[in-house]
Amino acid sequence: MPFDVNTAPDTGVPDSPSPPARGDIGQTQRRAYAALDLGTNNCRLLIARPARGGFYVVDAFSRIVRLGEGLMETGRLSDAAQDRAVAALKACAEKIRRRGVWVSRNVATEACRRASNRDAFVDRVFAETGIALDVISPEEEARLAVLGCQTLLDRSGGHALVFDIGGGSTEIILVEIGAGGRERIVSWASVPWGVVSLTETEPTHFETTEEREAAYARMIARVTEHLAGAREHLHPPCSPEALQLLGTSGTITTLASLHLGLAHYDRRRVDGCNVPAAALREVGVSLSRMAHAERAALACIGNERADLIIAGCAILDAILAMFPAREVCVADRGIREGILRTMMRRDGHRL
């Protein structure tokens, strides 16, 4: 069912106090807000204060925790994965405390949605860190991703396809941009493949280039099979040339960095840049042919992401094959920014 991007559903979890009276808006400009996103692979935090037309970040945190490691096989969050996540969340809780955060929202996504022991994990997190996790639905995840990236969309009208390649799933959202630049989500799909789940299903550590190419092709086929089922719901009522494509995830920002030839990751160069779709697919194919050590040696990848990047490339390749476009806008922003915008708007800030 279509719904307005800017209208938050009632989740039953209060993430902000009541909006202040008009005279109190100046005081709330100094308040800090926090948005925490615990995904299948990463734990990320942003702390920001409202500013004219947006917000400015005062602190941030990002750590790979691989919360969903082994989840495909066992259906549970392992003790080791929980320990890594809790350690990261303790660091986030300290930043939130030290920055005097006014209000925060802390969400968990696919790994917690799937895990049979999620309730025990959520209880443990609250007991040890004081952070109350809200396990959100794929629909809410899609809305927040679009809201976080909406300023990068061409507001002149038409349709956009926004995709977020996560650790345990990939969200794909068809957005209609109407008069005045107001976005409306027409339809969305959650594909049950992310960089962690796909990597665990289809290993990429092979000795020969031929074996690596075959594994990469199998990954693409797995994702394409699920995309085909969602294709009719996501079919844009416009030509491929008129469709905007916007991607957000560590995968696409990494590929954009490699395409740009950056010696190290630079958000200012990557966020909002437009990259030819063919170039992104070429970089992915090139990486899939490399050995793990070769990928790990690349400055914008490193050892922690050397295995996961191939699955991300395969997911991206399947998306670009099914929704052809000349170029893709790359976003180094997403759920956390969407959370911050939601909370600040509820407090009366005009973003």
# chains A, B, ... in the order shown; residues from 1 in each chain; ligands from 1

call {"tool": "select_by_dssp", "arguments": {"residues": "range 60-245 of chain A", "states": "alpha helix (DSSP H)", "output": "MDAnalysis selection string"}}
result
chainID A and resid 71:74 79:98 110:114 118:129 138:149 195:201 209:231

call {"tool": "closest_atom_pairs", "arguments": {"of": "range 61-116 of chain A", "to": "range 187-208 of chain A", "cutoff": "10 Å", "atoms": "only C-alpha atoms", "output": "Markdown table"}}
result
| residue | atom | partner | partner_atom | distance |
| --- | --- | --- | --- | --- |
| A:Arg66 | CA | A:Val196 | CA | 7.7 |
| A:Leu67 | CA | A:Val196 | CA | 9.4 |
| A:Gly68 | CA | A:Val196 | CA | 7.1 |
| A:Glu69 | CA | A:Val196 | CA | 7.0 |
| A:Gly70 | CA | A:Glu200 | CA | 7.6 |
| A:Leu71 | CA | A:Ser197 | CA | 8.0 |
| A:Met72 | CA | A:Ser197 | CA | 6.5 |
| A:Glu73 | CA | A:Glu200 | CA | 8.8 |
| A:Glu110 | CA | A:Pro192 | CA | 8.8 |
| A:Ala111 | CA | A:Ser197 | CA | 9.6 |

call {"tool": "select_by_dssp", "arguments": {"residues": "range 2-239 of chain A", "states": "strand (DSSP E or B)", "output": "number ranges by chain"}}
result
A: 3-4, 33-38, 42-51, 54-64, 103-108, 134-135, 158-165, 170-177, 183-191

call {"tool": "atom_distance", "arguments": {"atom1": "CA of Pro324 in chain A", "atom2": "CA of Leu243 in chain A"}}
result
8.8 Å

call {"tool": "atom_distance", "arguments": {"atom1": "CA of Arg345 in chain A", "atom2": "CA of Ile177 in chain A"}}
result
20.1 Å

call {"tool": "closest_residue", "arguments": {"among": "A:Leu234, A:Ile47, A:Ala331, A:Val135", "to": "His159 in chain A", "atoms": "only C-alpha atoms"}}
result
A:Leu234

call {"tool": "residues_around", "arguments": {"residues": "Leu245 in chain A", "least_positions_apart": "6", "cutoff": "6 Å", "atoms": "only C-alpha atoms", "output": "JSON list (two decimals) with N, CA, C and O atoms, in the first residue's frame"}}
result
[["chain", "number", "residue", "atom", "x", "y", "z"],
["A", 160, "ALA", "N", 11.78, 7.13, -8.56],
["A", 160, "ALA", "CA", 13.12, 6.72, -8.15],
["A", 160, "ALA", "C", 13.04, 5.34, -7.52],
["A", 160, "ALA", "O", 12.04, 4.99, -6.88],
["A", 161, "LEU", "N", 14.10, 4.57, -7.70],
["A", 161, "LEU", "CA", 14.24, 3.28, -7.04],
["A", 161, "LEU", "C", 15.38, 3.40, -6.05],
["A", 161, "LEU", "O", 16.52, 3.65, -6.43],
["A", 328, "VAL", "N", 23.93, 5.63, -11.18],
["A", 328, "VAL", "CA", 23.38, 5.43, -9.84],
["A", 328, "VAL", "C", 23.90, 6.53, -8.94],
["A", 328, "VAL", "O", 25.11, 6.82, -8.93]]

call {"tool": "atom_distance", "arguments": {"atom1": "CA of Glu213 in chain A", "atom2": "CA of Arg281 in chain A"}}
result
13.7 Å

call {"tool": "closest_residue", "arguments": {"among": "A:Arg76, A:Gln82, A:Ala35, A:Asp332", "to": "Val101 in chain A", "atoms": "only C-alpha atoms"}}
result
A:Ala35

call {"tool": "closest_residue", "arguments": {"among": "A:Asp83, A:Asp59, A:Glu171, A:Glu211", "to": "Ser137 in chain A", "atoms": "only C-alpha atoms"}}
result
A:Glu171

call {"tool": "residues_around", "arguments": {"residues": "Lys90 in chain A", "least_positions_apart": "4", "cutoff": "8 Å", "atoms": "only C-alpha atoms", "output": "JSON, numbers by chain"}}
result
{"A": [86, 94, 128, 129]}

call {"tool": "write_last_selection", "arguments": {"atoms": "C-alpha atoms", "output": "PDB file, in the first residue's frame"}}
result
ATOM      1  CA  VAL A  86      26.921  -5.583  23.442  1.00  0.00           C
ATOM      2  CA  GLU A  94      28.800   6.106  26.774  1.00  0.00           C
ATOM      3  CA  GLU A 128      23.900  -4.184  30.365  1.00  0.00           C
ATOM      4  CA  THR A 129      23.821  -0.897  28.427  1.00  0.00           C
TER       5      THR A 129
END

call {"tool": "closest_residue", "arguments": {"among": "A:Leu280, A:Cys92, A:Ile252, A:Val270", "to": "Glu327 in chain A", "atoms": "only C-alpha atoms"}}
result
A:Leu280

call {"tool": "closest_residue", "arguments": {"among": "A:Leu89, A:Val103, A:Leu38, A:Ile165", "to": "Arg346 in chain A", "atoms": "only C-alpha atoms"}}
result
A:Val103

call {"tool": "residues_around", "arguments": {"residues": "Glu304 in chain A", "least_positions_apart": "6", "cutoff": "12 Å", "atoms": "only C-alpha atoms", "output": "PyMOL selection string"}}
result
chain A and resi 41-42+63-66+196+292-293+295-298

call {"tool": "write_last_selection", "arguments": {"atoms": "N, CA, C and O atoms", "output": "PDB file, in the first residue's frame"}}
result
ATOM      1  N   ASN A  41      25.381  -6.728  10.256  1.00  0.00           N
ATOM      2  CA  ASN A  41      26.840  -6.662  10.170  1.00  0.00           C
ATOM      3  C   ASN A  41      27.439  -5.536  11.001  1.00  0.00           C
ATOM      4  O   ASN A  41      28.490  -5.704  11.601  1.00  0.00           O
ATOM      5  N   ASN A  42      26.774  -4.385  11.038  1.00  0.00           N
ATOM      6  CA  ASN A  42      27.339  -3.193  11.668  1.00  0.00           C
ATOM      7  C   ASN A  42      26.491  -2.665  12.814  1.00  0.00           C
ATOM      8  O   ASN A  42      25.275  -2.846  12.851  1.00  0.00           O
ATOM      9  N   ARG A  63      31.038   0.227  14.015  1.00  0.00           N
ATOM     10  CA  ARG A  63      31.875  -0.935  14.251  1.00  0.00           C
ATOM     11  C   ARG A  63      31.222  -2.168  13.618  1.00  0.00           C
ATOM     12  O   ARG A  63      30.014  -2.357  13.738  1.00  0.00           O
ATOM     13  N   ILE A  64      32.023  -2.978  12.950  1.00  0.00           N
ATOM     14  CA  ILE A  64      31.541  -4.243  12.416  1.00  0.00           C
ATOM     15  C   ILE A  64      31.423  -5.241  13.561  1.00  0.00           C
ATOM     16  O   ILE A  64      32.408  -5.526  14.242  1.00  0.00           O
ATOM     17  N   VAL A  65      30.205  -5.750  13.786  1.00  0.00           N
ATOM     18  CA  VAL A  65      29.975  -6.681  14.899  1.00  0.00           C
ATOM     19  C   VAL A  65      29.515  -8.066  14.427  1.00  0.00           C
ATOM     20  O   VAL A  65      29.526  -9.026  15.188  1.00  0.00           O
ATOM     21  N   ARG A  66      29.058  -8.142  13.182  1.00  0.00           N
ATOM     22  CA  ARG A  66      28.583  -9.415  12.600  1.00  0.00           C
ATOM     23  C   ARG A  66      27.594 -10.121  13.526  1.00  0.00           C
ATOM     24  O   ARG A  66      27.741 -11.293  13.861  1.00  0.00           O
ATOM     25  N   VAL A 196      26.044 -10.603   4.624  1.00  0.00           N
ATOM     26  CA  VAL A 196      26.424 -11.675   5.552  1.00  0.00           C
ATOM     27  C   VAL A 196      25.720 -12.979   5.178  1.00  0.00           C
ATOM     28  O   VAL A 196      26.355 -14.029   5.042  1.00  0.00           O
ATOM     29  N   HIS A 292      41.159 -13.406  -1.870  1.00  0.00           N
ATOM     30  CA  HIS A 292      40.818 -12.649  -0.663  1.00  0.00           C
ATOM     31  C   HIS A 292      41.925 -11.669  -0.286  1.00  0.00           C
ATOM     32  O   HIS A 292      41.664 -10.500   0.030  1.00  0.00           O
ATOM     33  N   ALA A 293      43.165 -12.101  -0.344  1.00  0.00           N
ATOM     34  CA  ALA A 293      44.289 -11.240   0.046  1.00  0.00           C
ATOM     35  C   ALA A 293      44.418 -10.033  -0.871  1.00  0.00           C
ATOM     36  O   ALA A 293      44.796  -8.940  -0.419  1.00  0.00           O
ATOM     37  N   ARG A 295      41.927  -8.474  -2.441  1.00  0.00           N
ATOM     38  CA  ARG A 295      40.875  -7.520  -2.079  1.00  0.00           C
ATOM     39  C   ARG A 295      41.200  -6.835  -0.756  1.00  0.00           C
ATOM     40  O   ARG A 295      40.987  -5.631  -0.604  1.00  0.00           O
ATOM     41  N   ALA A 296      41.713  -7.607   0.190  1.00  0.00           N
ATOM     42  CA  ALA A 296      42.034  -7.043   1.501  1.00  0.00           C
ATOM     43  C   ALA A 296      43.108  -5.965   1.414  1.00  0.00           C
ATOM     44  O   ALA A 296      43.152  -5.052   2.248  1.00  0.00           O
ATOM     45  N   ALA A 297      43.955  -6.053   0.399  1.00  0.00           N
ATOM     46  CA  ALA A 297      45.042  -5.088   0.240  1.00  0.00           C
ATOM     47  C   ALA A 297      44.561  -3.746  -0.305  1.00  0.00           C
ATOM     48  O   ALA A 297      45.302  -2.755  -0.253  1.00  0.00           O
ATOM     49  N   LEU A 298      43.344  -3.698  -0.818  1.00  0.00           N
ATOM     50  CA  LEU A 298      42.817  -2.451  -1.360  1.00  0.00           C
ATOM     51  C   LEU A 298      42.428  -1.528  -0.220  1.00  0.00           C
ATOM     52  O   LEU A 298      41.725  -1.927   0.724  1.00  0.00           O
TER      53      LEU A 298
END

call {"tool": "decode", "arguments": {"residues": "range 203-270 of chain A", "atoms": "C-alpha atoms", "output": "mmCIF file, in the first residue's frame"}}
result
data_model
loop_
_atom_site.group_PDB
_atom_site.id
_atom_site.type_symbol
_atom_site.label_atom_id
_atom_site.label_comp_id
_atom_site.auth_asym_id
_atom_site.auth_seq_id
_atom_site.Cartn_x
_atom_site.Cartn_y
_atom_site.Cartn_z
ATOM 1 C CA PRO A 203 31.707 -19.039 0.095
ATOM 2 C CA THR A 204 34.179 -17.208 -2.139
ATOM 3 C CA HIS A 205 37.523 -18.607 -0.970
ATOM 4 C CA PHE A 206 38.663 -20.485 -4.068
ATOM 5 C CA GLU A 207 42.084 -21.073 -5.595
ATOM 6 C CA THR A 208 41.275 -20.405 -9.255
ATOM 7 C CA THR A 209 39.687 -17.491 -11.096
ATOM 8 C CA GLU A 210 37.249 -19.880 -12.775
ATOM 9 C CA GLU A 211 35.955 -21.127 -9.408
ATOM 10 C CA ARG A 212 35.559 -17.552 -8.135
ATOM 11 C CA GLU A 213 33.654 -16.532 -11.274
ATOM 12 C CA ALA A 214 31.347 -19.530 -10.900
ATOM 13 C CA ALA A 215 30.644 -18.683 -7.244
ATOM 14 C CA TYR A 216 29.901 -15.074 -8.188
ATOM 15 C CA ALA A 217 27.467 -16.217 -10.874
ATOM 16 C CA ARG A 218 25.692 -18.463 -8.355
ATOM 17 C CA MET A 219 25.335 -15.541 -5.950
ATOM 18 C CA ILE A 220 23.786 -13.362 -8.660
ATOM 19 C CA ALA A 221 21.400 -16.174 -9.594
ATOM 20 C CA ARG A 222 20.222 -16.571 -5.976
ATOM 21 C CA VAL A 223 19.415 -12.881 -5.672
ATOM 22 C CA THR A 224 17.844 -12.674 -9.138
ATOM 23 C CA GLU A 225 15.455 -15.487 -8.252
ATOM 24 C CA HIS A 226 14.039 -13.473 -5.351
ATOM 25 C CA LEU A 227 14.083 -10.203 -7.278
ATOM 26 C CA ALA A 228 11.992 -11.762 -10.026
ATOM 27 C CA GLY A 229 9.184 -12.363 -7.543
ATOM 28 C CA ALA A 230 9.207 -8.713 -6.501
ATOM 29 C CA ARG A 231 9.656 -7.297 -10.001
ATOM 30 C CA GLU A 232 5.967 -6.779 -10.832
ATOM 31 C CA HIS A 233 5.351 -4.899 -7.563
ATOM 32 C CA LEU A 234 8.354 -2.656 -8.191
ATOM 33 C CA HIS A 235 7.779 -2.073 -11.898
ATOM 34 C CA PRO A 236 8.273 1.673 -12.440
ATOM 35 C CA PRO A 237 5.713 3.394 -14.701
ATOM 36 C CA CYS A 238 8.471 5.078 -16.684
ATOM 37 C CA SER A 239 11.302 4.254 -19.071
ATOM 38 C CA PRO A 240 14.642 3.022 -17.666
ATOM 39 C CA GLU A 241 16.205 6.298 -18.824
ATOM 40 C CA ALA A 242 13.766 8.319 -16.710
ATOM 41 C CA LEU A 243 14.128 6.215 -13.538
ATOM 42 C CA GLN A 244 16.417 7.523 -10.817
ATOM 43 C CA LEU A 245 18.487 4.894 -9.029
ATOM 44 C CA LEU A 246 19.840 5.674 -5.562
ATOM 45 C CA GLY A 247 21.847 3.176 -3.545
ATOM 46 C CA THR A 248 22.879 3.261 0.091
ATOM 47 C CA SER A 249 25.147 0.750 1.835
ATOM 48 C CA GLY A 250 28.770 0.017 2.543
ATOM 49 C CA THR A 251 28.883 -1.960 -0.691
ATOM 50 C CA ILE A 252 27.989 0.851 -3.029
ATOM 51 C CA THR A 253 30.051 3.496 -1.219
ATOM 52 C CA THR A 254 33.064 1.161 -1.384
ATOM 53 C CA LEU A 255 32.573 0.524 -5.112
ATOM 54 C CA ALA A 256 32.189 4.251 -5.737
ATOM 55 C CA SER A 257 35.472 4.856 -3.881
ATOM 56 C CA LEU A 258 37.240 2.308 -6.073
ATOM 57 C CA HIS A 259 35.707 3.794 -9.213
ATOM 58 C CA LEU A 260 36.903 7.257 -8.184
ATOM 59 C CA GLY A 261 40.393 5.891 -7.475
ATOM 60 C CA LEU A 262 40.487 7.184 -3.895
ATOM 61 C CA ALA A 263 43.546 6.289 -1.826
ATOM 62 C CA HIS A 264 41.322 6.247 1.273
ATOM 63 C CA TYR A 265 37.611 6.645 1.902
ATOM 64 C CA ASP A 266 36.399 10.235 1.657
ATOM 65 C CA ARG A 267 32.717 10.778 2.436
ATOM 66 C CA ARG A 268 32.774 14.254 0.894
ATOM 67 C CA ARG A 269 33.725 12.759 -2.474
ATOM 68 C CA VAL A 270 31.399 9.765 -2.281
#
